[in-house]
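Trainee: For reference, the file input-v6.csv (CSV, C-alpha atoms) is included below:
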chain,number,residue,atom,x,y,z
V,1,MET,CA,21.1,87.0,23.3
V,2,PHE,CA,24.9,86.3,23.4
V,3,ASN,CA,25.9,83.7,26.0
V,4,PRO,CA,29.6,84.0,26.9
V,5,ILE,CA,29.6,80.6,28.7
V,6,LEU,CA,28.5,78.8,25.5
V,7,PHE,CA,31.0,80.9,23.6
V,8,ARG,CA,33.8,79.7,25.9
V,9,HIS,CA,32.7,76.1,25.6
V,10,GLN,CA,32.7,76.5,21.8
V,11,LEU,CA,36.3,77.8,21.9
V,12,HIS,CA,37.3,74.9,24.3
V,13,LYS,CA,36.1,72.4,21.8
V,14,MET,CA,38.3,73.8,19.0
V,15,PRO,CA,41.7,74.5,20.6
V,16,GLU,CA,44.5,75.6,18.3
V,17,LEU,CA,48.3,75.8,19.0
V,18,SER,CA,50.3,79.0,18.9
V,19,GLY,CA,50.6,80.3,15.4
V,20,PHE,CA,47.7,78.2,14.1
V,21,GLU,CA,44.7,80.0,15.6
V,22,ASP,CA,42.9,80.3,12.2
V,23,LYS,CA,39.5,78.9,13.2
V,24,THR,CA,39.7,80.5,16.6
V,25,GLY,CA,40.3,83.9,15.0
V,26,LYS,CA,37.4,83.4,12.5
V,27,LEU,CA,35.0,82.5,15.3
V,28,ILE,CA,36.0,85.6,17.3
V,29,ALA,CA,35.7,87.8,14.2
V,30,ASP,CA,32.4,86.4,13.2
V,31,THR,CA,31.0,86.8,16.8
V,32,LEU,CA,32.1,90.4,16.9
V,33,GLN,CA,30.5,91.0,13.5
V,34,SER,CA,27.3,89.6,14.8
V,35,PHE,CA,27.3,92.4,17.4
V,36,GLY,CA,27.5,95.0,14.6
V,37,TYR,CA,31.3,95.5,14.8
V,38,ASP,CA,33.9,95.6,12.0
V,39,PRO,CA,37.0,94.1,13.6
V,40,GLN,CA,40.5,94.0,12.0
V,41,VAL,CA,41.7,90.5,11.4
V,42,GLY,CA,45.1,88.9,10.8
V,43,ILE,CA,47.0,91.1,13.1
V,44,GLY,CA,50.4,89.7,14.2
V,45,GLY,CA,49.3,86.4,12.8
V,46,HIS,CA,45.7,85.5,13.7
V,47,GLY,CA,45.1,88.4,16.1
V,48,ILE,CA,41.9,90.4,16.1
V,49,VAL,CA,41.6,94.1,16.9
V,50,LEU,CA,38.5,96.1,17.7
V,51,HIS,CA,38.5,99.9,18.0
V,52,LEU,CA,35.7,101.8,19.6
V,53,ASP,CA,35.9,105.6,19.3
V,54,SER,CA,33.5,108.0,20.9
V,55,GLY,CA,34.7,110.8,18.7
V,56,GLN,CA,35.2,112.9,21.8
V,57,PRO,CA,38.5,113.7,23.6
V,58,GLY,CA,39.3,111.4,26.4
V,59,PRO,CA,41.5,108.5,27.5
V,60,HIS,CA,42.4,105.5,25.3
V,61,LEU,CA,42.1,102.2,27.1
V,62,LEU,CA,43.2,98.8,25.8
V,63,PHE,CA,42.1,95.4,27.0
V,64,ARG,CA,43.7,92.2,25.9
V,65,ALA,CA,42.9,88.5,25.9
V,66,ASP,CA,44.9,85.5,24.6
V,67,THR,CA,43.6,82.8,22.3
V,68,ASP,CA,46.0,79.9,21.8
V,69,ALA,CA,46.0,76.4,23.4
V,70,LEU,CA,48.6,73.9,24.4
V,71,PRO,CA,49.9,70.6,23.1
V,72,ILE,CA,48.3,68.6,25.9
V,73,HIS,CA,45.8,65.7,25.6
V,74,GLU,CA,42.7,66.5,27.6
V,75,VAL,CA,41.5,63.8,30.0
V,76,ALA,CA,38.4,65.6,31.5
V,77,LEU,CA,35.0,64.2,30.8
V,78,HIS,CA,32.8,67.4,30.6
V,79,SER,CA,30.5,68.0,27.6
V,80,HIS,CA,32.8,70.6,25.9
V,81,CYS,CA,36.0,68.6,25.8
V,82,SER,CA,38.6,69.3,23.1
V,83,GLY,CA,37.8,68.0,19.7
V,84,ASN,CA,41.5,68.2,18.6
V,85,VAL,CA,43.4,65.2,19.9
V,86,GLY,CA,46.6,66.2,21.7
V,87,VAL,CA,45.6,69.9,21.9
V,88,MET,CA,43.6,71.6,24.7
V,89,HIS,CA,42.9,74.9,26.4
V,90,ALA,CA,44.8,73.9,29.6
V,91,CYS,CA,45.7,77.5,30.5
V,92,GLY,CA,42.3,79.2,30.3
V,93,HIS,CA,42.8,81.3,27.2
V,94,ASP,CA,39.3,80.2,26.1
V,95,GLY,CA,38.0,81.9,29.3
V,96,HIS,CA,40.1,85.0,28.8
V,97,SER,CA,38.7,85.4,25.3
V,98,ALA,CA,35.1,84.8,26.5
V,99,SER,CA,35.6,87.5,29.1
V,100,LEU,CA,36.7,90.0,26.5
V,101,MET,CA,33.9,88.9,24.2
V,102,ALA,CA,31.4,89.4,27.0
V,103,LEU,CA,32.8,93.0,27.4
V,104,ALA,CA,32.5,93.5,23.6
V,105,TYR,CA,28.8,92.5,23.8
V,106,ARG,CA,28.0,94.8,26.6
V,107,LEU,CA,29.8,97.7,24.9
V,108,SER,CA,27.7,97.0,21.8
V,109,LYS,CA,24.6,97.9,23.8
V,110,SER,CA,26.2,101.1,25.2
V,111,ASP,CA,27.7,104.4,24.0
V,112,ILE,CA,31.2,105.4,25.1
V,113,GLN,CA,30.9,109.0,26.1
V,114,ARG,CA,34.6,110.1,25.7
V,115,GLY,CA,37.9,108.7,24.4
V,116,LYS,CA,38.6,105.4,22.9
V,117,VAL,CA,38.6,101.7,23.8
V,118,THR,CA,40.6,99.0,22.0
V,119,LEU,CA,40.0,95.3,22.5
V,120,ILE,CA,42.6,92.8,21.2
V,121,PHE,CA,42.4,89.1,20.9
V,122,GLN,CA,46.0,88.0,20.8
V,123,PRO,CA,47.4,84.7,19.4
V,124,SER,CA,50.7,82.9,20.3
V,125,GLU,CA,51.0,83.8,24.0
V,126,GLU,CA,52.3,80.4,25.0
V,127,ASN,CA,55.4,80.7,23.0
V,128,GLY,CA,55.9,84.3,24.0
V,129,GLN,CA,55.7,85.6,20.4
V,130,GLY,CA,52.1,86.9,20.0
V,131,ALA,CA,52.2,90.2,21.9
V,132,ARG,CA,55.4,91.3,20.2
V,133,ALA,CA,54.1,90.3,16.8
V,134,MET,CA,50.9,92.4,17.3
V,135,LEU,CA,52.9,95.4,18.5
V,136,ASP,CA,55.2,95.1,15.6
V,137,ASP,CA,52.3,94.9,13.1
V,138,GLU,CA,51.9,98.3,11.5
V,139,SER,CA,48.6,97.5,9.9
V,140,TRP,CA,46.6,98.6,12.9
V,141,ASP,CA,46.5,102.0,14.4
V,142,LYS,CA,47.7,101.8,18.0
V,143,GLY,CA,47.5,105.5,18.6
V,144,LYS,CA,48.4,106.8,22.1
V,145,VAL,CA,47.2,104.2,24.6
V,146,ASP,CA,46.9,105.7,28.1
V,147,TYR,CA,46.4,102.4,30.0
V,148,ALA,CA,46.3,98.7,29.1
V,149,PHE,CA,44.7,95.9,31.1
V,150,GLY,CA,44.6,92.1,31.2
V,151,TYR,CA,44.2,89.2,33.6
V,152,HIS,CA,44.9,85.5,34.1
V,153,ASN,CA,43.1,82.9,36.0
V,154,VAL,CA,45.1,81.4,39.0
V,155,PRO,CA,44.4,78.0,40.4
V,156,GLY,CA,45.2,77.5,44.0
V,157,HIS,CA,43.3,80.7,45.1
V,158,PRO,CA,39.7,80.9,46.1
V,159,LEU,CA,37.2,81.1,43.2
V,160,GLY,CA,36.8,84.7,42.0
V,161,GLN,CA,39.4,86.1,44.4
V,162,ILE,CA,41.0,89.2,42.8
V,163,LEU,CA,44.8,89.2,42.9
V,164,CYS,CA,46.6,92.5,42.5
V,165,ARG,CA,50.2,93.6,43.0
V,166,GLU,CA,52.2,96.7,42.7
V,167,ASN,CA,55.3,96.7,40.5
V,168,THR,CA,56.1,93.1,39.3
V,169,PHE,CA,53.0,90.9,38.9
V,170,ALA,CA,54.7,87.9,37.1
V,171,CYS,CA,58.3,87.0,36.6
V,172,ALA,CA,60.5,87.1,33.5
V,173,SER,CA,61.6,83.7,32.3
V,174,ALA,CA,63.4,81.9,29.5
V,175,GLY,CA,64.6,78.4,28.6
V,176,VAL,CA,68.1,77.9,27.4
V,177,SER,CA,69.7,74.9,25.8
V,178,ILE,CA,73.5,74.7,25.8
V,179,THR,CA,75.3,72.0,23.8
V,180,LEU,CA,79.1,71.3,24.2
V,181,LYS,CA,80.7,69.2,21.5
V,182,GLY,CA,84.1,67.6,21.6
V,183,LYS,CA,85.7,64.5,20.2
V,184,THR,CA,85.1,60.9,21.2
V,185,ALA,CA,87.8,58.2,21.8
V,186,HIS,CA,88.1,54.6,23.0
V,187,ALA,CA,87.3,54.4,26.7
V,188,ALA,CA,90.7,52.8,27.2
V,189,TYR,CA,92.4,56.0,25.9
V,190,PRO,CA,90.4,58.9,27.4
V,191,GLU,CA,93.4,61.2,27.2
V,192,THR,CA,93.0,61.2,23.4
V,193,ALA,CA,89.4,62.5,23.6
V,194,VAL,CA,88.0,66.0,23.9
V,195,ASN,CA,85.6,65.2,26.6
V,196,PRO,CA,82.8,67.7,27.5
V,197,THR,CA,82.1,66.1,30.9
V,198,PRO,CA,84.3,68.4,33.0
V,199,ALA,CA,82.7,71.5,31.4
V,200,LEU,CA,79.2,70.1,31.8
V,201,LYS,CA,79.8,69.5,35.6
V,202,ALA,CA,81.2,72.9,36.1
V,203,LEU,CA,78.5,74.6,34.1
V,204,MET,CA,75.7,72.8,36.0
V,205,ASN,CA,77.2,73.8,39.3
V,206,ASP,CA,77.6,77.4,38.2
V,207,ILE,CA,74.0,77.6,36.8
V,208,GLU,CA,72.6,76.3,40.1
V,209,ARG,CA,74.6,78.8,42.2
V,210,LEU,CA,74.0,81.7,39.9
V,211,PRO,CA,70.9,83.1,41.7
V,212,THR,CA,72.9,83.7,44.9
V,213,ALA,CA,74.7,86.5,42.9
V,214,PHE,CA,71.5,88.6,43.0
V,215,PRO,CA,70.5,88.9,46.7
V,216,SER,CA,68.3,92.0,46.1
V,217,SER,CA,66.0,90.3,43.5
V,218,PHE,CA,64.2,87.0,43.2
V,219,ALA,CA,66.2,84.8,40.9
V,220,LEU,CA,65.8,81.2,40.0
V,221,ALA,CA,67.8,78.8,37.8
V,222,THR,CA,66.3,75.4,37.3
V,223,ILE,CA,68.1,72.6,35.4
V,224,VAL,CA,65.5,70.7,33.6
V,225,HIS,CA,67.4,68.2,31.4
V,226,VAL,CA,70.9,66.9,30.9
V,227,SER,CA,72.4,64.5,28.4
V,228,LEU,CA,76.0,63.2,28.0
V,229,GLY,CA,77.5,60.9,25.4
V,230,GLN,CA,76.0,57.6,24.4
V,231,PRO,CA,75.1,54.4,26.4
V,232,ALA,CA,78.3,52.7,25.2
V,233,PHE,CA,80.9,51.4,27.6
V,234,GLY,CA,83.7,51.5,25.0
V,235,THR,CA,83.6,55.2,24.1
V,236,THR,CA,84.1,58.5,25.8
V,237,PRO,CA,81.4,61.2,25.5
V,238,ALA,CA,81.7,63.6,22.6
V,239,GLN,CA,78.7,65.8,23.3
V,240,ALA,CA,76.8,67.1,26.3
V,241,THR,CA,73.6,69.2,26.6
V,242,VAL,CA,72.2,71.0,29.6
V,243,MET,CA,68.8,72.7,29.5
V,244,ALA,CA,67.7,75.2,32.2
V,245,THR,CA,65.0,77.7,32.9
V,246,LEU,CA,65.9,81.1,34.3
V,247,ARG,CA,63.4,83.4,36.2
V,248,SER,CA,63.5,86.7,38.0
V,249,ASP,CA,61.1,89.3,39.2
V,250,SER,CA,63.4,92.0,37.8
V,251,ASN,CA,63.9,92.5,34.0
V,252,LYS,CA,67.4,93.9,34.8
V,253,CYS,CA,68.3,90.9,36.9
V,254,PHE,CA,66.8,88.6,34.3
V,255,GLU,CA,69.0,90.1,31.5
V,256,SER,CA,72.0,89.7,33.7
V,257,LEU,CA,71.1,86.0,34.4
V,258,CYS,CA,70.9,85.3,30.7
V,259,TYR,CA,74.2,87.1,30.0
V,260,GLN,CA,76.0,85.3,32.8
V,261,VAL,CA,74.9,81.9,31.6
V,262,GLU,CA,76.1,82.6,28.1
V,263,SER,CA,79.4,83.9,29.5
V,264,MET,CA,80.0,80.8,31.6
V,265,ALA,CA,79.2,78.5,28.7
V,266,ARG,CA,81.7,80.3,26.5
V,267,HIS,CA,84.3,80.2,29.2
V,268,TYR,CA,84.2,76.4,29.6
V,269,SER,CA,83.9,75.7,25.9
V,270,GLU,CA,87.0,77.8,25.3
V,271,ARG,CA,88.9,76.4,28.2
V,272,ASP,CA,88.3,72.8,27.1
V,273,GLY,CA,88.4,73.3,23.3
V,274,LEU,CA,84.7,72.5,22.8
V,275,GLU,CA,82.3,73.6,20.1
V,276,LEU,CA,79.4,75.6,21.6
V,277,ASN,CA,75.8,76.1,20.6
V,278,ILE,CA,73.4,78.1,22.7
V,279,GLU,CA,69.6,78.3,21.9
V,280,TRP,CA,67.0,80.4,23.8
V,281,PHE,CA,63.3,79.5,24.0
V,282,ASP,CA,60.1,81.1,25.2
V,283,LYS,CA,61.7,84.4,26.4
V,284,PHE,CA,59.3,86.5,28.5
V,285,ASN,CA,60.0,89.8,30.3
V,286,ALA,CA,58.4,90.5,33.7
V,287,ILE,CA,55.0,92.1,33.9
V,288,ILE,CA,55.5,95.4,35.6
V,289,ASN,CA,52.3,97.0,36.9
V,290,HIS,CA,52.0,100.8,36.6
V,291,SER,CA,50.9,102.5,39.8
V,292,GLU,CA,48.2,104.7,38.1
V,293,ALA,CA,46.8,101.8,36.0
V,294,ASN,CA,46.7,99.6,39.2
V,295,MET,CA,44.9,102.4,41.0
V,296,LEU,CA,42.2,102.4,38.2
V,297,LEU,CA,41.9,98.6,38.5
V,298,LYS,CA,41.5,98.7,42.3
V,299,GLN,CA,39.0,101.6,42.1
V,300,ALA,CA,36.9,99.6,39.7
V,301,CYS,CA,36.9,96.7,42.1
V,302,LYS,CA,35.8,99.1,44.9
V,303,ASP,CA,33.0,100.5,42.7
V,304,LEU,CA,31.7,97.0,42.1
V,305,GLY,CA,32.0,96.0,45.8
V,306,PHE,CA,34.7,93.4,44.9
V,307,VAL,CA,37.4,92.9,47.5
V,308,HIS,CA,40.9,92.7,46.0
V,309,ASN,CA,43.9,91.0,47.6
V,310,ASP,CA,47.5,92.2,47.2
V,311,LEU,CA,50.0,89.5,46.5
V,312,ASP,CA,53.1,89.4,48.7
V,313,VAL,CA,55.3,88.0,45.9
V,314,PRO,CA,55.0,87.9,42.1
V,315,MET,CA,53.7,84.9,40.3
V,316,ARG,CA,56.6,82.8,39.2
V,317,TRP,CA,55.1,81.9,35.9
V,318,SER,CA,55.5,84.3,32.9
V,319,GLU,CA,53.0,85.9,30.5
V,320,ASP,CA,53.7,87.9,27.3
V,321,PHE,CA,51.4,90.7,28.5
V,322,SER,CA,54.8,91.9,29.6
V,323,GLU,CA,55.3,93.4,26.1
V,324,TYR,CA,52.3,95.7,26.6
V,325,SER,CA,53.5,96.7,30.1
V,326,ARG,CA,56.8,97.7,28.6
V,327,THR,CA,55.0,99.8,26.0
V,328,TRP,CA,52.1,101.4,27.9
V,329,PRO,CA,51.2,102.0,31.6
V,330,SER,CA,49.4,98.7,32.4
V,331,ALA,CA,47.7,96.7,35.1
V,332,PHE,CA,47.5,92.9,35.0
V,333,PHE,CA,45.6,91.0,37.7
V,334,GLY,CA,44.7,87.4,38.6
V,335,LEU,CA,41.4,85.7,39.4
V,336,GLY,CA,41.4,82.7,41.6
V,337,SER,CA,40.2,79.6,39.9
V,338,GLY,CA,39.5,77.6,43.1
V,339,VAL,CA,41.8,76.3,45.9
V,340,ASP,CA,41.5,72.7,44.7
V,341,HIS,CA,41.2,73.5,41.0
V,342,PRO,CA,43.6,71.5,38.7
V,343,PRO,CA,46.8,73.6,38.0
V,344,LEU,CA,47.5,75.4,34.8
V,345,HIS,CA,48.8,73.1,32.0
V,346,ASP,CA,47.2,70.1,33.6
V,347,PRO,CA,45.2,67.6,31.4
V,348,HIS,CA,42.3,67.9,33.8
V,349,TYR,CA,42.2,71.7,33.7
V,350,ASP,CA,39.0,73.6,32.7
V,351,PHE,CA,38.4,77.3,33.0
V,352,PRO,CA,35.8,78.2,35.6
V,353,ASP,CA,32.8,79.8,33.8
V,354,ALA,CA,32.0,82.0,36.9
V,355,LEU,CA,35.1,84.1,36.2
V,356,ILE,CA,33.8,85.4,32.9
V,357,ASP,CA,31.2,87.6,34.6
V,358,VAL,CA,33.7,88.9,37.3
V,359,SER,CA,36.5,89.8,34.8
V,360,SER,CA,34.2,91.4,32.2
V,361,LYS,CA,32.5,93.5,34.9
V,362,ILE,CA,35.9,94.7,36.1
V,363,PHE,CA,36.9,95.7,32.6
V,364,GLU,CA,33.5,97.4,32.0
V,365,GLN,CA,33.8,99.3,35.3
V,366,ILE,CA,37.2,100.6,34.3
V,367,ILE,CA,35.7,101.9,31.1
V,368,ARG,CA,32.7,103.4,32.9
V,369,ASP,CA,35.0,105.2,35.4
V,370,MET,CA,37.4,106.5,32.7
V,371,ASN,CA,35.3,106.9,29.5
V,372,GLY,CA,31.8,107.0,30.7
V,373,LEU,CA,29.0,104.7,29.4
V,374,LYS,CA,25.3,105.2,28.9
V,375,CYS,CA,22.3,103.0,28.0
V,376,GLN,CA,23.9,99.9,29.5
V,377,ASP,CA,22.2,96.6,29.0
V,378,PHE,CA,23.4,93.7,31.2
V,379,ILE,CA,23.6,90.2,30.1
Would you mind writing the file's structure down as structure tokens?

Mentor:
Amino acid sequence: MFNPILFRHQLHKMPELSGFEDKTGKLIADTLQSFGYDPQVGIGGHGIVLHLDSGQPGPHLLFRADTDALPIHEVALHSHCSGNVGVMHACGHDGHSASLMALAYRLSKSDIQRGKVTLIFQPSEENGQGARAMLDDESWDKGKVDYAFGYHNVPGHPLGQILCRENTFACASAGVSITLKGKTAHAAYPETAVNPTPALKALMNDIERLPTAFPSSFALATIVHVSLGQPAFGTTPAQATVMATLRSDSNKCFESLCYQVESMARHYSERDGLELNIEWFDKFNAIINHSEANMLLKQACKDLGFVHNDLDVPMRWSEDFSEYSRTWPSAFFGLGSGVDHPPLHDPHYDFPDALIDVSSKIFEQIIRDMNGLKCQDFI
């Protein structure tokens, strides 16, 4: 008998960073094979894909879980702590994978009556590269996906509370690093230098004010790091770097934010005769929920007697499920991890095991409603 909680604990003990999920992928594939499946491996890196086809006409549903961990040292004292120093599942991807594995086990004891179901275990979510890599990988047959579904646990909300939202569920975001390089001089002769300080100050002010240019959308620009020159009283600065994170609930607004930041940086570098280098990191689009997919999600909750809650505003964090929502009609939801639960990316974080049953039952009910299931055995 498969135990999804023990499976989750096993994953938690062996966390792997984005792009290095080799052992994680092997455990997932081996577990699926133990259910009698023949999954595809090595998709988009270390991704796993499982196709279930009834052989009859009907809808094609896709369900996704992420598998990677974070470069954080775990400080919790539970029995399934990370065995990899400096790496831990601090975002709950071990739980998301356990939820999808619990669904896979249940489906192995059932027959889909119509259509197809695809389960994907996706690597490299934390760096925003995994979903795109899987979608770009032509070695697996995506076919026509009618609806895609996924979820994320959300600390700060009551345990098991189902969080839905129409339109934008989670914001787009990106990190940007802007380096301005001039020429140093003796501090007694600053007029002979090409000093990036004026450009840095102006650029910082403009970045912080930028969200006010988008009153119809949520927009946020957060300066996270600044460096200027060297700690030497005798020299003027030659180089400055500012790092910022941009966010928006609108992909269109987000694209404009990114464009405006680049334009401002180029303006000041040209004005002051500075070399310019711009680097972008961890770029995520917004997750946009499709009305029909959302309706299917809420209907499944109703069928199960689960009460869902509609969020007033999108989550400010980002998730690369957005690549699926840009490709197929999708619904992404949240599950409360507990009001006092440690936040995501915290060294004390541990995914609540109770959410595995709730999430996998919601997925299963969507399939039951859309594809039909018979001969169901419950865990």

Trainee: Show me a table, sorted first by chain and then by increasing residue number, of the residues of range 320-356 of chain V having an atom at most 9 Å from range 291-302 of chain V, each with its shortest atom pair and the distance in Å to one decimal, counting all atoms listed in the file and written as a Markdown table.

Mentor:
| residue | atom | partner | partner_atom | distance |
| --- | --- | --- | --- | --- |
| V:Pro329 | CA | V:Ala293 | CA | 6.2 |
| V:Ser330 | CA | V:Ala293 | CA | 5.4 |
| V:Ala331 | CA | V:Asn294 | CA | 5.1 |
| V:Phe332 | CA | V:Asn294 | CA | 7.9 |
| V:Phe333 | CA | V:Leu297 | CA | 8.5 |

Trainee: For Asn153 in chain V, please output as a list in words all residues within 10 Å (counting all atoms listed in the file; exclusion window: fewer than 3 positions along the same chain).

Mentor: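 Contacts, with the query itself left out: Cys91, Gly92, His93, Gly95, His96, Gly156, His157, Leu159, Gly160, Gln161, Ile162, Leu163, Phe333, Gly334, Leu335, Gly336, Ser337, Gly338, Leu344, Phe351, Pro352, Leu355 and Ser359 of chain V.
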
Trainee: Which is closer to Arg271 in chain V than all the others in V:Leu180, V:Leu70, V:Val75, V:Ala286, using all atoms listed in the file?

Mentor: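 Counting all atoms listed in the file, the residue closest to Arg271 in chain V is V:Leu180.
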
Trainee: What lies within 7 Å of range 35-38 of chain V using only C-alpha atoms, ignoring chain neighbours under 3 positions off, as a VMD selection string?

Mentor: chain V and resid 31 to 32 105 108

Trainee: Identify which of the residues V:Glu16, V:Asp353, V:Glu138, V:Glu364 lies closest to Pro4 in chain V, counting all atoms listed in the file when measuring atom-to-atom distances.

Mentor: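 Smallest distance to Pro4 in chain V is found for V:Asp353.
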
Trainee: Which of these, V:Ala187, V:Ala172, V:Ile48, V:Ile5, has the shortest distance to Ser248 in chain V once you count only C-alpha atoms?

Mentor: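 Closest candidate: V:Ala172.
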
Trainee: Between V:Pro347, V:Pro190, V:Pro237, V:Gly47, which residue has the minimum interatomic distance to Val85 in chain V, considering only C-alpha atoms?

Mentor: V:Pro347

Trainee: Nearest to Tyr268 in chain V: which of V:His345, V:Lys181, V:Lys109, V:Lys142 is it, counting only C-alpha atoms?

Mentor: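 When distances to Tyr268 in chain V are compared using only C-alpha atoms, the smallest one comes from V:Lys181.
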
Trainee: Just to confirm, what's the straight-line distance from CA of Cys81 in chain V to CA of Pro158 in chain V in Å (one decimal)?

Mentor: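 Spanning CA of Cys81 in chain V to CA of Pro158 in chain V is a straight-line distance of 24.0 Å.
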
Trainee: Between V:Asn84, V:Ser18, V:Ser110, V:Asn195, which one has atoms that come closest to Ser54 in chain V, using all atoms listed in the file?

Mentor: V:Ser110

Trainee: Which residues, written as a PDB file with C-alpha atoms, keeping the file's coordinate frame, have at least one atom at most 10 Å from Gly86 in chain V, with all atoms listed in the file counted and residues fewer than 3 positions away on the same chain left out?

Mentor:
ATOM      1  CA  PRO V  15      41.700  74.500  20.600  1.00  0.00           C
ATOM      2  CA  LEU V  70      48.600  73.900  24.400  1.00  0.00           C
ATOM      3  CA  PRO V  71      49.900  70.600  23.100  1.00  0.00           C
ATOM      4  CA  ILE V  72      48.300  68.600  25.900  1.00  0.00           C
ATOM      5  CA  HIS V  73      45.800  65.700  25.600  1.00  0.00           C
ATOM      6  CA  GLU V  74      42.700  66.500  27.600  1.00  0.00           C
ATOM      7  CA  SER V  82      38.600  69.300  23.100  1.00  0.00           C
ATOM      8  CA  GLY V  83      37.800  68.000  19.700  1.00  0.00           C
ATOM      9  CA  PRO V 347      45.200  67.600  31.400  1.00  0.00           C
TER      10      PRO V 347
END

Trainee: Go ahead and compute the interatomic distance for CA of Pro123 in chain V and CA of Arg247 in chain V, in Å to one decimal.

Mentor: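 Here the two named atoms are 23.2 Å from each other.
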